[in-house]
>>> print(open('my_file.txt').read())   # compact mmCIF, C-alpha atoms
# COMPACT_ATOMS: atom_id res chain seq x y z
CA MET A 580 -221.24 154.21 -187.84
CA LYS A 581 -218.17 155.01 -189.91
CA CYS A 582 -214.99 153.34 -188.78
CA LEU A 583 -211.32 153.40 -189.71
CA ILE A 584 -209.19 150.34 -189.00
CA VAL A 585 -205.49 151.04 -188.71
CA GLU A 586 -203.48 147.86 -188.53
CA ASP A 587 -200.23 146.88 -190.22
CA ASP A 588 -200.59 143.14 -189.75
CA PHE A 589 -202.64 141.60 -192.56
CA ILE A 590 -204.07 138.80 -190.43
CA SER A 591 -205.18 141.08 -187.60
CA LYS A 592 -206.60 143.57 -190.11
CA LYS A 593 -208.59 140.88 -191.89
CA VAL A 594 -210.01 139.65 -188.60
CA MET A 595 -210.92 143.15 -187.49
CA GLU A 596 -212.66 143.86 -190.81
CA LYS A 597 -214.66 140.67 -190.41
CA ILE A 598 -215.75 141.70 -186.91
CA VAL A 599 -216.60 145.29 -187.82
CA GLU A 600 -218.33 144.54 -191.13
CA PRO A 601 -221.82 143.87 -189.65
CA ILE A 602 -221.89 147.02 -187.54
CA ALA A 603 -220.14 149.73 -189.54
CA VAL A 604 -219.00 151.01 -192.87
CA TYR A 605 -215.25 150.94 -192.69
CA ASP A 606 -212.00 151.81 -194.36
CA SER A 607 -208.66 150.18 -193.60
CA ALA A 608 -205.13 151.49 -193.57
CA ASP A 609 -201.99 149.48 -193.01
CA ASN A 610 -199.85 152.38 -191.89
CA GLY A 611 -200.17 155.66 -190.03
CA PHE A 612 -199.53 157.85 -193.05
CA ILE A 613 -202.35 156.35 -195.11
CA ALA A 614 -204.60 156.45 -192.04
CA PHE A 615 -203.98 160.15 -191.47
CA ASP A 616 -204.66 160.91 -195.14
CA LEU A 617 -207.97 159.03 -194.94
CA PHE A 618 -208.84 160.85 -191.71
CA ILE A 619 -208.23 164.26 -193.33
CA LYS A 620 -210.03 163.24 -196.53
CA ALA A 621 -213.08 162.17 -194.51
CA HIS A 622 -213.13 165.58 -192.80
CA ASN A 623 -212.75 167.39 -196.12
CA GLU A 624 -215.71 165.44 -197.45
CA GLU A 625 -217.63 166.29 -194.26
CA LYS A 626 -218.06 162.60 -193.56
CA PRO A 627 -215.67 162.12 -190.66
CA TYR A 628 -215.06 158.81 -188.94
CA ASP A 629 -216.99 158.06 -185.76
CA LEU A 630 -214.50 155.52 -184.55
CA ILE A 631 -210.87 154.61 -185.16
CA LEU A 632 -209.41 151.25 -184.18
CA LEU A 633 -205.74 152.02 -183.91
CA ASP A 634 -202.90 149.56 -183.57
CA MET A 635 -200.32 150.72 -181.07
CA MET A 636 -197.27 149.14 -182.64
CA MET A 637 -196.66 149.87 -186.30
CA PRO A 638 -193.48 150.57 -188.21
CA GLU A 639 -192.67 154.11 -189.41
CA MET A 640 -195.52 155.95 -187.68
CA ASP A 641 -196.69 154.10 -184.57
CA GLY A 642 -200.15 154.31 -183.05
CA LEU A 643 -199.20 156.88 -180.43
CA SER A 644 -197.74 159.23 -183.05
CA LEU A 645 -200.85 158.94 -185.19
CA LEU A 646 -203.08 159.51 -182.16
CA LYS A 647 -201.14 162.68 -181.37
CA LYS A 648 -201.43 163.91 -184.97
CA ILE A 649 -205.17 163.32 -185.00
CA ARG A 650 -205.78 165.10 -181.70
CA THR A 651 -203.55 168.01 -182.76
CA PHE A 652 -205.51 168.37 -185.99
CA GLU A 653 -208.80 168.30 -184.11
CA SER A 654 -207.72 170.91 -181.57
CA GLU A 655 -206.34 173.20 -184.28
CA ASN A 656 -209.58 172.89 -186.26
CA GLU A 657 -212.12 172.68 -183.45
CA GLU A 658 -214.24 175.49 -184.88
CA ASN A 659 -214.65 173.70 -188.18
CA ILE A 660 -215.26 170.15 -187.05
CA LYS A 661 -218.11 168.58 -185.13
CA GLY A 662 -216.06 166.89 -182.45
CA GLU A 663 -213.36 164.40 -181.67
CA VAL A 664 -213.33 160.96 -183.19
CA LYS A 665 -213.49 158.11 -180.66
CA ILE A 666 -210.30 156.10 -180.67
CA ILE A 667 -209.79 152.58 -179.37
CA MET A 668 -206.17 151.50 -179.21
CA THR A 669 -205.40 147.86 -179.96
CA THR A 670 -202.36 146.51 -178.22
CA ALA A 671 -200.41 143.39 -177.39
CA LEU A 672 -200.56 142.12 -173.84
CA ASP A 673 -197.00 143.17 -173.07
CA ASP A 674 -197.46 146.61 -174.61
CA ARG A 675 -199.53 148.02 -171.79
CA LYS A 676 -196.94 150.53 -170.66
CA ASN A 677 -197.88 152.58 -173.71
CA VAL A 678 -201.55 152.55 -172.76
CA THR A 679 -201.06 155.23 -170.11
CA SER A 680 -199.41 157.46 -172.71
CA ALA A 681 -202.27 156.78 -175.11
CA PHE A 682 -204.85 157.83 -172.52
CA LYS A 683 -202.87 161.01 -171.82
CA MET A 684 -202.90 161.74 -175.55
CA GLY A 685 -206.65 161.30 -175.72
CA CYS A 686 -207.68 157.79 -176.66
CA GLU A 687 -210.98 156.61 -175.19
CA ALA A 688 -210.28 152.94 -174.66
CA TYR A 689 -207.95 150.08 -175.43
CA ILE A 690 -208.31 146.40 -176.06
CA VAL A 691 -205.70 143.70 -175.86
CA LYS A 692 -205.01 141.49 -178.88
CA PRO A 693 -206.09 139.03 -180.08
CA ILE A 694 -209.23 141.01 -180.77
CA GLN A 695 -212.36 139.24 -179.66
CA LYS A 696 -215.70 140.24 -181.08
CA ASN A 697 -217.55 140.41 -177.75
CA LYS A 698 -214.89 142.52 -176.07
CA LEU A 699 -214.69 144.91 -178.99
CA PHE A 700 -218.46 145.33 -179.17
CA GLU A 701 -218.57 145.89 -175.43
CA GLU A 702 -216.03 148.73 -175.69
CA ILE A 703 -217.84 150.24 -178.66
CA LYS A 704 -221.11 150.22 -176.73
CA LYS A 705 -219.41 151.81 -173.72
CA LEU A 706 -218.45 154.69 -175.99
CA GLY A 707 -222.12 155.33 -176.64
CA PHE A 708 -222.56 153.72 -180.03
CA ASN A 709 -225.79 151.90 -180.64
CA ILE A 710 -224.56 148.95 -182.64
CA LYS A 711 -226.87 146.76 -184.62
CA GLU A 712 -225.52 143.73 -186.40
CA THR A 713 -226.76 143.44 -189.97
CA MET B 917 -202.16 109.28 -177.76
CA GLU B 918 -203.49 112.81 -178.27
CA MET B 919 -202.46 114.54 -181.46
CA TYR B 920 -200.65 117.84 -181.04
CA MET B 921 -202.67 120.68 -182.52
CA PRO B 922 -200.49 123.72 -183.17
CA LEU B 923 -203.53 125.87 -183.87
CA ASP B 924 -206.93 126.06 -182.19
CA ILE B 925 -209.35 126.33 -185.09
CA ASN B 926 -212.13 127.33 -182.71
CA VAL B 927 -210.48 130.72 -182.35
CA ILE B 928 -211.03 131.43 -186.06
CA LYS B 929 -214.47 129.84 -186.02
CA SER B 930 -215.55 132.19 -183.24
CA ILE B 931 -214.91 135.10 -185.61
CA SER B 932 -215.82 133.61 -188.98
CA GLU B 933 -219.41 132.71 -188.12
CA ASN B 934 -219.16 129.74 -190.44
CA ASP B 935 -217.76 131.70 -193.38
CA LYS B 936 -215.58 128.93 -194.84
CA GLU B 937 -214.02 131.17 -197.46
CA PHE B 938 -212.88 133.57 -194.76
CA GLU B 939 -211.43 130.70 -192.71
CA THR B 940 -209.56 129.28 -195.70
CA ASP B 941 -208.18 132.66 -196.76
CA LEU B 942 -207.05 133.44 -193.23
CA LEU B 943 -205.33 130.08 -192.72
CA LYS B 944 -203.56 130.24 -196.09
CA GLU B 945 -202.47 133.79 -195.43
CA TYR B 946 -201.24 132.93 -191.96
CA ASN B 947 -199.23 129.98 -193.25
CA LYS B 948 -197.64 132.21 -195.89
CA LYS B 949 -196.94 134.88 -193.31
CA CYS B 950 -195.21 132.40 -191.00
CA HIS B 951 -192.72 131.33 -193.64
CA GLU B 952 -192.12 134.81 -195.01
CA THR B 953 -191.64 136.31 -191.57
CA ILE B 954 -189.18 133.61 -190.48
CA LYS B 955 -187.16 134.18 -193.66
CA ASN B 956 -187.17 137.95 -193.03
CA ILE B 957 -186.22 137.52 -189.37
CA LYS B 958 -183.21 135.40 -190.33
CA GLN B 959 -182.12 137.91 -192.95
CA ALA B 960 -182.52 140.83 -190.53
CA TYR B 961 -180.51 138.94 -187.92
CA LEU B 962 -177.71 138.33 -190.43
CA ASN B 963 -177.74 142.07 -191.23
CA LYS B 964 -177.61 142.81 -187.47
CA GLN B 965 -180.91 144.71 -187.75
CA PHE B 966 -182.02 143.62 -184.31
CA LYS B 967 -184.87 146.09 -183.98
CA THR B 968 -186.30 144.69 -187.19
CA VAL B 969 -185.88 141.16 -185.84
CA SER B 970 -187.82 142.15 -182.75
CA ARG B 971 -190.54 143.97 -184.72
CA LEU B 972 -191.04 141.04 -187.11
CA ALA B 973 -191.21 138.60 -184.21
CA HIS B 974 -193.76 140.87 -182.53
CA SER B 975 -195.86 140.86 -185.71
CA LEU B 976 -195.69 137.05 -185.97
CA LYS B 977 -196.68 136.79 -182.32
CA GLY B 978 -199.74 138.99 -182.93
CA ALA B 979 -200.86 137.08 -186.01
CA SER B 980 -200.32 133.75 -184.23
CA LYS B 981 -202.44 134.79 -181.26
CA THR B 982 -205.13 136.01 -183.63
CA VAL B 983 -205.48 132.60 -185.28
CA GLY B 984 -205.11 130.59 -182.07
CA ALA B 985 -201.53 129.39 -182.67
CA ASP B 986 -200.51 130.02 -179.09
CA ASN B 987 -197.32 127.98 -179.10
CA MET B 988 -196.03 129.88 -182.13
CA ALA B 989 -196.99 133.12 -180.38
CA ASN B 990 -194.92 132.12 -177.34
CA LEU B 991 -191.94 131.08 -179.47
CA SER B 992 -192.10 134.35 -181.40
CA TYR B 993 -192.16 136.23 -178.12
CA MET B 994 -188.88 134.53 -177.17
CA ILE B 995 -187.30 135.88 -180.36
CA GLU B 996 -188.83 139.31 -179.79
CA LYS B 997 -187.36 139.56 -176.31
CA LEU B 998 -183.94 138.00 -176.96
CA ASP B 999 -180.93 139.90 -175.73
CA TYR B 1000 -179.02 140.42 -178.95
CA ASN B 1001 -175.88 141.32 -177.09
CA GLY B 1002 -175.87 137.69 -176.07
CA ASN B 1003 -174.45 134.87 -178.10
CA LYS B 1004 -175.55 133.71 -181.51
CA TYR B 1005 -176.44 130.30 -180.10
CA ASP B 1006 -179.57 131.64 -178.36
CA PHE B 1007 -180.97 133.09 -181.57
CA GLU B 1008 -180.24 129.95 -183.58
CA LYS B 1009 -181.80 127.76 -180.92
CA GLU B 1010 -184.99 129.87 -180.78
CA ILE B 1011 -185.40 130.39 -184.52
CA LYS B 1012 -185.04 126.64 -185.04
CA LYS B 1013 -187.99 126.07 -182.69
CA VAL B 1014 -190.01 128.65 -184.63
CA GLU B 1015 -189.17 126.95 -187.94
CA GLU B 1016 -190.16 123.55 -186.60
CA GLU B 1017 -193.43 124.95 -185.31
CA ALA B 1018 -194.12 126.57 -188.70
CA ILE B 1019 -193.78 123.16 -190.35
CA LEU B 1020 -196.23 121.63 -187.88
CA ILE B 1021 -198.64 124.48 -188.53
CA GLU B 1022 -198.33 124.07 -192.29
CA LYS B 1023 -199.09 120.35 -192.08
CA TYR B 1024 -202.00 120.98 -189.75
CA ILE B 1025 -203.47 123.64 -192.04
CA GLU B 1026 -203.10 121.29 -195.02
CA LYS B 1027 -205.17 118.72 -193.14
CA LEU B 1028 -207.80 121.29 -192.24
CA LEU B 1029 -208.28 122.60 -195.78
>>> encode(input="my_file.txt", output="structure tokens")
Amino acid sequence: MKCLIVEDDFISKKVMEKIVEPIAVYDSADNGFIAFDLFIKAHNEEKPYDLILLDMMMPEMDGLSLLKKIRTFESENEENIKGEVKIIMTTALDDRKNVTSAFKMGCEAYIVKPIQKNKLFEEIKKLGFNIKET
Amino acid sequence: MEMYMPLDINVIKSISENDKEFETDLLKEYNKKCHETIKNIKQAYLNKQFKTVSRLAHSLKGASKTVGADNMANLSYMIEKLDYNGNKYDFEKEIKKVEEEAILIEKYIEKLL
């Protein structure tokens, strides 16, 4: 599984990398602009991400804006790409009002911070990934 | 008398799977982040950049929850949700609590490492 972690907070990013490390190869981005560049680059190299863990609240380009950009790209290029990347939004407990918007824009799931390994793995499995810890 | 623990180390241990280097790095980084963020919050408040104050407090809240510093997370939330049309006293009162908590966290991390 190839995964992209998008998280502006260093601590949360470090924790997420630690959790994901045994089950996926991953890249990390600390803002939406870098994340979108990596997403496009991966498509250009024909090695797209299978999963994106996307923080809802980030400065400059927030998670919802990035989600919209990704889904727009995918729909405009649907003939050239294999399918949509699965996206799990990560959000603070009091940020749930944005979750409805995220689902409307095409995310598959969300998890509430702080990220817990079991909960994250559970969501990943629900999306159909067969995860094996190394 | 029970000692106050501003941070539940078990939260980090549940993720680290006994990787001591990871635990140390995370705690050091969190401690640094606390102090830097408080400094930046105060500066943003002085500049009347209240959205930035709120965003920084939100970030500190997230990081605090992640490492099991729940009291700091709650105090940061108070700053995040402050009504900045209100008086200056509220901000000063809340930021002082955050600063005091950061000192407790720093001392606790020093003991842990």
>>> closest_atom_pairs(input="my_file.txt", of="chain A", to="chain B", cutoff="8 Å", atoms="all atoms listed in the file", output="tab-separated table")
residue	atom	partner	partner_atom	distance
A:Asp588	CA	B:Ser975	CA	6.6
A:Ile590	CA	B:Ala979	CA	5.7
A:Ser591	CA	B:Ala979	CA	6.1
A:Lys593	CA	B:Leu942	CA	7.7
A:Val594	CA	B:Ile931	CA	7.3
A:Lys597	CA	B:Ser932	CA	7.3
A:Ile598	CA	B:Ile931	CA	6.8
A:Ala671	CA	B:Gly978	CA	7.1
A:Lys692	CA	B:Gly978	CA	7.1
A:Pro693	CA	B:Thr982	CA	4.8
A:Ile694	CA	B:Thr982	CA	7.1
A:Gln695	CA	B:Ile931	CA	7.7
A:Lys696	CA	B:Ile931	CA	6.9
>>> residues_around(input="my_file.txt", residues="range 599-608 of chain A", least_positions_apart="6", cutoff="6 Å", atoms="only C-alpha atoms", output="list in words")
Met580, Lys581, Cys582, Leu583, Ile584, Val585, Ala614, Ile710, Lys711, Glu712 and Thr713 of chain A
>>> axis_aligned_box(input="my_file.txt", around="range 1009-1019 of chain B", padding_each_side="6 Å", output="JSON")
{"center_x": -188.0, "center_y": 126.8, "center_z": -185.6, "size_x": 24.3, "size_y": 19.2, "size_z": 21.6}
>>> residues_around(input="my_file.txt", residues="Glu702 in chain A", least_positions_apart="6", cutoff="10 Å", atoms="only C-alpha atoms", output="PyMOL selection string")
chain A and resi 667+687-690+708
>>> atom_distance(input="my_file.txt", atom1="CA of Ala681 in chain A", atom2="CA of Asn987 in chain B")
29.5 Å
>>> atom_distance(input="my_file.txt", atom1="CA of Asn934 in chain B", atom2="CA of Ala1018 in chain B")
25.3 Å
>>> residues_around(input="my_file.txt", residues="Ile1021 in chain B", least_positions_apart="5", cutoff="8 Å", atoms="all atoms listed in the file", output="mmCIF file with C-alpha atoms, keeping the file's coordinate frame")
data_model
loop_
_atom_site.group_PDB
_atom_site.id
_atom_site.type_symbol
_atom_site.label_atom_id
_atom_site.label_comp_id
_atom_site.auth_asym_id
_atom_site.auth_seq_id
_atom_site.Cartn_x
_atom_site.Cartn_y
_atom_site.Cartn_z
ATOM 1 C CA PRO B 922 -200.490 123.720 -183.170
ATOM 2 C CA LEU B 923 -203.530 125.870 -183.870
ATOM 3 C CA ASN B 947 -199.230 129.980 -193.250
#
>>> closest_residue(input="my_file.txt", among="A:Met635, A:Glu663, A:Lys704, A:Met640", to="Thr679 in chain A", atoms="all atoms listed in the file")
A:Met635
>>> decode(input="my_file.txt", residues="range 921-980 of chain B", atoms="C-alpha atoms", output="PDB file, in the first residue's frame")
ATOM      1  CA  MET B 921       1.173  14.118  36.018  1.00  0.00           C
ATOM      2  CA  PRO B 922       0.577  16.636  33.246  1.00  0.00           C
ATOM      3  CA  LEU B 923       1.149  14.005  30.590  1.00  0.00           C
ATOM      4  CA  ASP B 924       0.078  10.369  30.366  1.00  0.00           C
ATOM      5  CA  ILE B 925       3.158   8.602  29.027  1.00  0.00           C
ATOM      6  CA  ASN B 926       1.087   5.503  28.295  1.00  0.00           C
ATOM      7  CA  VAL B 927      -0.470   7.341  25.368  1.00  0.00           C
ATOM      8  CA  ILE B 928       2.933   7.610  23.665  1.00  0.00           C
ATOM      9  CA  LYS B 929       3.915   4.102  24.716  1.00  0.00           C
ATOM     10  CA  SER B 930       0.814   2.706  23.035  1.00  0.00           C
ATOM     11  CA  ILE B 931       2.135   4.052  19.738  1.00  0.00           C
ATOM     12  CA  SER B 932       5.890   3.701  20.170  1.00  0.00           C
ATOM     13  CA  GLU B 933       5.927  -0.056  20.756  1.00  0.00           C
ATOM     14  CA  ASN B 934       8.908   0.393  23.033  1.00  0.00           C
ATOM     15  CA  ASP B 935      10.905   2.514  20.596  1.00  0.00           C
ATOM     16  CA  LYS B 936      12.692   4.690  23.172  1.00  0.00           C
ATOM     17  CA  GLU B 937      14.294   6.925  20.579  1.00  0.00           C
ATOM     18  CA  PHE B 938      10.878   7.714  19.137  1.00  0.00           C
ATOM     19  CA  GLU B 939       9.490   8.471  22.606  1.00  0.00           C
ATOM     20  CA  THR B 940      12.404  10.764  23.456  1.00  0.00           C
ATOM     21  CA  ASP B 941      12.235  12.625  20.144  1.00  0.00           C
ATOM     22  CA  LEU B 942       8.498  13.090  20.458  1.00  0.00           C
ATOM     23  CA  LEU B 943       8.653  14.373  24.040  1.00  0.00           C
ATOM     24  CA  LYS B 944      11.500  16.782  23.273  1.00  0.00           C
ATOM     25  CA  GLU B 945       9.715  18.034  20.196  1.00  0.00           C
ATOM     26  CA  TYR B 946       6.457  18.462  22.077  1.00  0.00           C
ATOM     27  CA  ASN B 947       8.166  20.425  24.847  1.00  0.00           C
ATOM     28  CA  LYS B 948       9.777  22.697  22.255  1.00  0.00           C
ATOM     29  CA  LYS B 949       6.477  23.106  20.462  1.00  0.00           C
ATOM     30  CA  CYS B 950       4.690  24.118  23.669  1.00  0.00           C
ATOM     31  CA  HIS B 951       7.069  26.978  24.356  1.00  0.00           C
ATOM     32  CA  GLU B 952       7.300  28.144  20.758  1.00  0.00           C
ATOM     33  CA  THR B 953       3.547  28.062  20.274  1.00  0.00           C
ATOM     34  CA  ILE B 954       2.856  30.007  23.474  1.00  0.00           C
ATOM     35  CA  LYS B 955       5.367  32.658  22.399  1.00  0.00           C
ATOM     36  CA  ASN B 956       3.729  32.856  18.952  1.00  0.00           C
ATOM     37  CA  ILE B 957       0.223  33.019  20.434  1.00  0.00           C
ATOM     38  CA  LYS B 958       1.216  35.960  22.632  1.00  0.00           C
ATOM     39  CA  GLN B 959       2.812  37.761  19.706  1.00  0.00           C
ATOM     40  CA  ALA B 960      -0.220  37.153  17.481  1.00  0.00           C
ATOM     41  CA  TYR B 961      -2.497  38.430  20.233  1.00  0.00           C
ATOM     42  CA  LEU B 962      -0.425  41.608  20.561  1.00  0.00           C
ATOM     43  CA  ASN B 963      -0.702  42.066  16.781  1.00  0.00           C
ATOM     44  CA  LYS B 964      -4.486  41.516  17.047  1.00  0.00           C
ATOM     45  CA  GLN B 965      -4.197  38.514  14.708  1.00  0.00           C
ATOM     46  CA  PHE B 966      -6.961  36.651  16.479  1.00  0.00           C
ATOM     47  CA  LYS B 967      -7.487  34.024  13.801  1.00  0.00           C
ATOM     48  CA  THR B 968      -3.813  33.136  14.122  1.00  0.00           C
ATOM     49  CA  VAL B 969      -4.187  32.972  17.905  1.00  0.00           C
ATOM     50  CA  SER B 970      -7.054  30.547  17.474  1.00  0.00           C
ATOM     51  CA  ARG B 971      -5.239  28.443  14.854  1.00  0.00           C
ATOM     52  CA  LEU B 972      -2.090  28.178  16.974  1.00  0.00           C
ATOM     53  CA  ALA B 973      -4.122  27.222  20.026  1.00  0.00           C
ATOM     54  CA  HIS B 974      -5.913  24.595  17.929  1.00  0.00           C
ATOM     55  CA  SER B 975      -2.556  23.177  16.843  1.00  0.00           C
ATOM     56  CA  LEU B 976      -1.282  23.058  20.438  1.00  0.00           C
ATOM     57  CA  LYS B 977      -4.490  21.348  21.489  1.00  0.00           C
ATOM     58  CA  GLY B 978      -4.016  18.667  18.799  1.00  0.00           C
ATOM     59  CA  ALA B 979      -0.388  18.021  19.683  1.00  0.00           C
ATOM     60  CA  SER B 980      -1.231  17.900  23.400  1.00  0.00           C
TER      61      SER B 980
END
